[in-house]
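The next block is upload-v2.cif, given as mmCIF, C-alpha atoms, pLDDT in the B column; chains and numbers go by the auth columns.
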```
data_my_file
#
loop_
_atom_site.group_PDB
_atom_site.id
_atom_site.type_symbol
_atom_site.label_atom_id
_atom_site.label_comp_id
_atom_site.label_asym_id
_atom_site.label_seq_id
_atom_site.Cartn_x
_atom_site.Cartn_y
_atom_site.Cartn_z
_atom_site.B_iso_or_equiv
_atom_site.auth_seq_id
_atom_site.auth_asym_id
ATOM 1 C CA MET A 1 -6.149 0.403 6.086 96.00 299 M
ATOM 2 C CA VAL A 2 -5.328 4.070 5.738 97.00 300 M
ATOM 3 C CA ASN A 3 -2.857 6.333 3.981 97.00 301 M
ATOM 4 C CA ASP A 4 0.120 8.168 5.477 97.00 302 M
ATOM 5 C CA HIS A 5 -1.834 11.339 6.254 97.00 303 M
ATOM 6 C CA GLU A 6 -4.725 9.451 7.848 98.00 304 M
ATOM 7 C CA ILE A 7 -2.544 7.325 10.151 98.00 305 M
ATOM 8 C CA GLY A 8 -0.782 10.470 11.332 98.00 306 M
ATOM 9 C CA ALA A 9 -4.088 12.110 12.182 98.00 307 M
ATOM 10 C CA LEU A 10 -5.346 9.015 14.003 97.00 308 M
ATOM 11 C CA ALA A 11 -2.160 8.625 16.056 98.00 309 M
ATOM 12 C CA GLY A 12 -1.347 12.306 16.545 97.00 310 M
ATOM 13 C CA VAL A 13 2.025 11.784 14.844 96.00 311 M
ATOM 14 C CA ALA A 14 3.536 13.939 12.100 97.00 312 M
ATOM 15 C CA THR A 15 4.013 11.406 9.300 98.00 313 M
ATOM 16 C CA VAL A 16 4.510 13.771 6.368 96.00 314 M
ATOM 17 C CA GLN A 17 7.010 16.625 6.417 93.00 315 M
ATOM 18 C CA ASP A 18 7.280 19.052 3.475 94.00 316 M
ATOM 19 C CA GLY A 19 5.419 16.609 1.243 92.00 317 M
ATOM 20 C CA THR A 20 7.683 13.664 2.092 96.00 318 M
ATOM 21 C CA THR A 21 6.451 10.638 4.003 97.00 319 M
ATOM 22 C CA ASP A 22 8.541 9.657 7.018 97.00 320 M
ATOM 23 C CA ARG A 23 8.450 5.850 6.938 96.00 321 M
ATOM 24 C CA ASP A 24 9.629 5.496 10.558 97.00 322 M
ATOM 25 C CA ALA A 25 6.933 7.911 11.735 98.00 323 M
ATOM 26 C CA VAL A 26 4.328 5.962 9.759 98.00 324 M
ATOM 27 C CA MET A 27 5.436 2.743 11.426 97.00 325 M
ATOM 28 C CA ARG A 28 5.279 4.348 14.893 97.00 326 M
ATOM 29 C CA ALA A 29 1.841 5.763 14.159 98.00 327 M
ATOM 30 C CA ALA A 30 0.594 2.396 12.895 98.00 328 M
ATOM 31 C CA LYS A 31 1.799 0.683 16.076 97.00 329 M
ATOM 32 C CA THR A 32 0.105 3.364 18.185 97.00 330 M
ATOM 33 C CA VAL A 33 -3.205 2.892 16.402 98.00 331 M
ATOM 34 C CA LEU A 34 -2.924 -0.889 16.617 98.00 332 M
ATOM 35 C CA ASP A 35 -2.320 -0.660 20.361 96.00 333 M
ATOM 36 C CA GLN A 36 -5.400 1.540 20.782 95.00 334 M
ATOM 37 C CA GLY A 37 -7.790 -0.770 18.946 93.00 335 M
ATOM 38 C CA SER A 38 -8.856 -4.371 18.663 94.00 336 M
ATOM 39 C CA MET A 39 -7.840 -5.020 15.056 95.00 337 M
ATOM 40 C CA ASP A 40 -5.351 -7.724 14.123 96.00 338 M
ATOM 41 C CA LEU A 41 -3.295 -5.517 11.816 97.00 339 M
ATOM 42 C CA VAL A 42 -2.869 -1.989 10.525 98.00 340 M
ATOM 43 C CA THR A 43 -1.767 -1.299 6.971 98.00 341 M
ATOM 44 C CA VAL A 44 -0.658 2.111 5.727 98.00 342 M
ATOM 45 C CA HIS A 45 -0.100 2.868 2.038 98.00 343 M
ATOM 46 C CA PHE A 46 1.716 5.830 0.536 97.00 344 M
ATOM 47 C CA THR A 47 3.467 6.743 -2.693 94.00 345 M
ATOM 48 C CA GLN A 48 6.830 5.234 -1.798 96.00 346 M
ATOM 49 C CA GLY A 49 5.550 2.033 -0.186 98.00 347 M
ATOM 50 C CA ALA A 50 3.373 0.494 2.487 98.00 348 M
ATOM 51 C CA CYS A 51 3.816 -0.593 6.094 97.00 349 M
ATOM 52 C CA MET A 52 1.951 -3.273 7.968 98.00 350 M
ATOM 53 C CA VAL A 53 2.052 -3.997 11.693 98.00 351 M
ATOM 54 C CA THR A 54 0.393 -6.982 13.311 97.00 352 M
ATOM 55 C CA ARG A 55 -0.907 -7.762 16.766 96.00 353 M
ATOM 56 C CA ASP A 56 1.819 -10.411 17.239 95.00 354 M
ATOM 57 C CA GLY A 57 4.540 -7.757 16.865 95.00 355 M
ATOM 58 C CA GLY A 58 5.261 -8.243 13.184 96.00 356 M
ATOM 59 C CA ALA A 59 6.224 -5.247 11.076 97.00 357 M
ATOM 60 C CA LEU A 60 6.714 -5.133 7.309 97.00 358 M
ATOM 61 C CA PHE A 61 7.608 -2.537 4.721 98.00 359 M
ATOM 62 C CA GLN A 62 7.177 -3.058 0.991 98.00 360 M
ATOM 63 C CA PRO A 63 8.403 -0.492 -1.528 98.00 361 M
ATOM 64 C CA SER A 64 5.900 0.510 -4.190 98.00 362 M
ATOM 65 C CA VAL A 65 6.111 -0.272 -7.883 98.00 363 M
ATOM 66 C CA ALA A 66 8.492 1.925 -9.885 98.00 364 M
ATOM 67 C CA VAL A 67 5.802 3.224 -12.236 97.00 365 M
ATOM 68 C CA PRO A 68 7.329 5.030 -15.226 97.00 366 M
ATOM 69 C CA ASP A 69 6.248 8.672 -15.489 95.00 367 M
ATOM 70 C CA SER A 70 5.059 8.015 -19.041 96.00 368 M
ATOM 71 C CA ALA A 71 2.564 5.415 -17.751 95.00 369 M
ATOM 72 C CA ARG A 72 0.873 7.684 -15.180 94.00 370 M
ATOM 73 C CA LYS A 73 -2.486 8.991 -16.302 95.00 371 M
ATOM 74 C CA GLY A 74 -4.187 9.611 -12.946 92.00 372 M
ATOM 75 C CA ALA A 75 -4.220 8.562 -9.309 93.00 373 M
ATOM 76 C CA ASN A 76 -7.999 8.445 -8.932 91.00 374 M
ATOM 77 C CA GLY A 77 -8.823 5.142 -7.231 93.00 375 M
ATOM 78 C CA ALA A 78 -5.239 4.012 -6.617 95.00 376 M
ATOM 79 C CA GLY A 79 -5.711 3.812 -2.839 95.00 377 M
ATOM 80 C CA ASP A 80 -8.856 1.741 -3.292 95.00 378 M
ATOM 81 C CA ALA A 81 -7.039 -0.495 -5.786 96.00 379 M
ATOM 82 C CA PHE A 82 -4.277 -0.993 -3.216 97.00 380 M
ATOM 83 C CA ALA A 83 -6.870 -1.956 -0.607 97.00 381 M
ATOM 84 C CA ALA A 84 -8.610 -4.356 -2.996 97.00 382 M
ATOM 85 C CA GLY A 85 -5.359 -6.089 -3.905 98.00 383 M
ATOM 86 C CA PHE A 86 -4.220 -6.308 -0.301 98.00 384 M
ATOM 87 C CA HIS A 87 -7.551 -7.692 0.913 98.00 385 M
ATOM 88 C CA TYR A 88 -7.719 -10.197 -1.937 98.00 386 M
ATOM 89 C CA GLY A 89 -4.359 -11.597 -0.839 98.00 387 M
ATOM 90 C CA LEU A 90 -5.454 -11.611 2.792 97.00 388 M
ATOM 91 C CA HIS A 91 -8.636 -13.460 1.856 98.00 389 M
ATOM 92 C CA GLU A 92 -6.598 -16.031 -0.055 98.00 390 M
ATOM 93 C CA GLY A 93 -4.322 -16.648 2.936 98.00 391 M
ATOM 94 C CA TRP A 94 -1.227 -15.039 1.404 98.00 392 M
ATOM 95 C CA THR A 95 1.650 -13.790 3.524 97.00 393 M
ATOM 96 C CA GLY A 96 1.604 -10.145 4.577 97.00 394 M
ATOM 97 C CA ALA A 97 4.506 -9.416 2.236 97.00 395 M
ATOM 98 C CA ASN A 98 2.638 -10.838 -0.749 98.00 396 M
ATOM 99 C CA CYS A 99 -0.545 -8.974 0.215 98.00 397 M
ATOM 100 C CA LEU A 100 1.418 -5.709 0.219 98.00 398 M
ATOM 101 C CA LYS A 101 2.962 -6.547 -3.166 98.00 399 M
ATOM 102 C CA LEU A 102 -0.421 -7.247 -4.739 98.00 400 M
ATOM 103 C CA GLY A 103 -1.790 -4.050 -3.228 98.00 401 M
ATOM 104 C CA HIS A 104 0.991 -2.057 -4.844 98.00 402 M
ATOM 105 C CA ALA A 105 0.629 -3.962 -8.120 98.00 403 M
ATOM 106 C CA ALA A 106 -3.092 -3.159 -8.296 97.00 404 M
ATOM 107 C CA ALA A 107 -2.451 0.501 -7.435 97.00 405 M
ATOM 108 C CA ALA A 108 0.254 0.725 -10.107 97.00 406 M
ATOM 109 C CA ALA A 109 -2.103 -0.743 -12.703 97.00 407 M
ATOM 110 C CA CYS A 110 -4.753 1.789 -11.666 96.00 408 M
ATOM 111 C CA LEU A 111 -2.384 4.695 -12.333 96.00 409 M
ATOM 112 C CA ARG A 112 -2.448 3.926 -16.067 96.00 410 M
ATOM 113 C CA ALA A 113 -5.898 5.514 -16.504 94.00 411 M
ATOM 114 C CA ALA A 114 -7.713 8.612 -15.288 93.00 412 M
ATOM 115 C CA GLU A 115 -10.704 6.464 -14.351 89.00 413 M
ATOM 116 C CA THR A 116 -10.899 4.578 -11.097 85.00 414 M
ATOM 117 C CA TYR A 117 -10.626 0.975 -12.287 82.00 415 M
ATOM 118 C CA THR A 118 -10.511 0.613 -16.063 86.00 416 M
ATOM 119 C CA SER A 119 -6.798 -0.199 -16.217 92.00 417 M
ATOM 120 C CA VAL A 120 -6.766 -2.741 -13.358 93.00 418 M
ATOM 121 C CA GLY A 121 -6.760 -6.249 -14.777 93.00 419 M
ATOM 122 C CA THR A 122 -6.544 -9.667 -13.181 96.00 420 M
ATOM 123 C CA VAL A 123 -4.326 -10.529 -10.235 97.00 421 M
ATOM 124 C CA ALA A 124 -1.849 -12.181 -12.597 97.00 422 M
ATOM 125 C CA GLU A 125 -1.830 -9.154 -14.929 97.00 423 M
ATOM 126 C CA CYS A 126 -1.238 -6.729 -12.048 97.00 424 M
ATOM 127 C CA LEU A 127 1.620 -8.808 -10.636 98.00 425 M
ATOM 128 C CA GLU A 128 3.172 -9.224 -14.091 97.00 426 M
ATOM 129 C CA LEU A 129 3.021 -5.475 -14.655 97.00 427 M
ATOM 130 C CA ALA A 130 4.668 -4.795 -11.277 98.00 428 M
ATOM 131 C CA GLN A 131 7.396 -7.317 -12.034 97.00 429 M
ATOM 132 C CA SER A 132 8.088 -5.730 -15.412 97.00 430 M
ATOM 133 C CA TRP A 133 8.345 -2.214 -13.935 98.00 431 M
ATOM 134 C CA GLY A 134 10.184 -3.328 -10.811 98.00 432 M
ATOM 135 C CA TRP A 135 10.094 -2.011 -7.265 97.00 433 M
ATOM 136 C CA ARG A 136 11.373 1.277 -5.850 95.00 434 M
#
```
How would this structure read if it were set down as structure tokens?
Amino acid sequence: MVNDHEIGALAGVATVQDGTTDRDAVMRAAKTVLDQGSMDLVTVHFTQGACMVTRDGGALFQPSVAVPDSARKGANGAGDAFAAGFHYGLHEGWTGANCLKLGHAAAAACLRAAETYTSVGTVAECLELAQSWGWR
């Protein structure tokens, strides 16, 4: 699990141009990294969404939560919150799509505070918050 800049560096692919993430380039980079390693999947998170590619050829994209500007207090820890949500879903046997949604929901909840975790609640609370704000 990496962000858009990191996957680009690992794959030698330009994934961000003029501050904008190129989703297709991220997906190509993720597939490149997957092919070079022994992992079962590669997940890449970024502001607009997240991509996941799997060893069996699966590829998913999930838009991020449409967090209102008024709710954003800080991004410190949001990537870690995404990873925690995603891995929780994976541990529970959820589908890849639902793992990505929970990752985004946890990251969105994290954005509500300047601290790293104080605004992240339970799984149900994070998913409810994401549902109320909607998806990009």
Handout entry: Residues in the PyMOL selection byres ((chain M and resi 405-415) around 6), expressed as a list in words
Key = Ala369, Arg370, Lys371, Gly372, Ala373, Asn374, Gly375, Ala376, Ala379, Phe380, His402, Ala403, Ala404, Thr416, Ser417 and Val418 of chain M
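The smallest atom-to-atom distance between Ala428 (chain M) and any of M:Arg326, M:Lys399, M:Arg353, M:Arg321, using all atoms listed in the file, is found for M:Lys399.
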Exercise for the section: I need the residue set behind the PyMOL selection byres ((chain M and resi 363) around 6) for this file; please write it as a VMD selection string. Expected result: chain M and resid 362 364 to 365 428 432 to 434
Problem - Spatial neighbours of region 382-386 of chain M, 12 Å, only C-alpha atoms, chain gap at least 4 places, as a VMD selection string - result: chain M and resid 299 339 to 343 348 to 350 360 375 to 378 390 to 408 415 418 to 425
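In this structure, CA of Ala309 (chain M) sits 22.4 Å away from CA of Pro361 (chain M).
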Handout entry: Residue nearest Leu358 (chain M) among M:Gln346, M:Ala381, M:Met325, M:Thr319 (counting only C-alpha atoms)
Key = M:Met325
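Residue nearest Gly356 (chain M) within the list M:Asn301, M:Ala323, M:Ala328, M:Gly335: M:Ala328 [criterion: smallest interatomic distance, only C-alpha atoms].
Reported to one decimal place, the separation of CA of Trp431 (chain M) from CA of Asp316 (chain M) is 27.5 Å.
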Problem - Atom pair CA of His389 (chain M) / CA of Gly347 (chain M): separation (Å) - result: 21.1 Å
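Counting all atoms listed in the file, the residue from M:Ser368, M:Thr352, M:Ser430, M:Gly317 that sits nearest to Ser336 (chain M) is M:Thr352.
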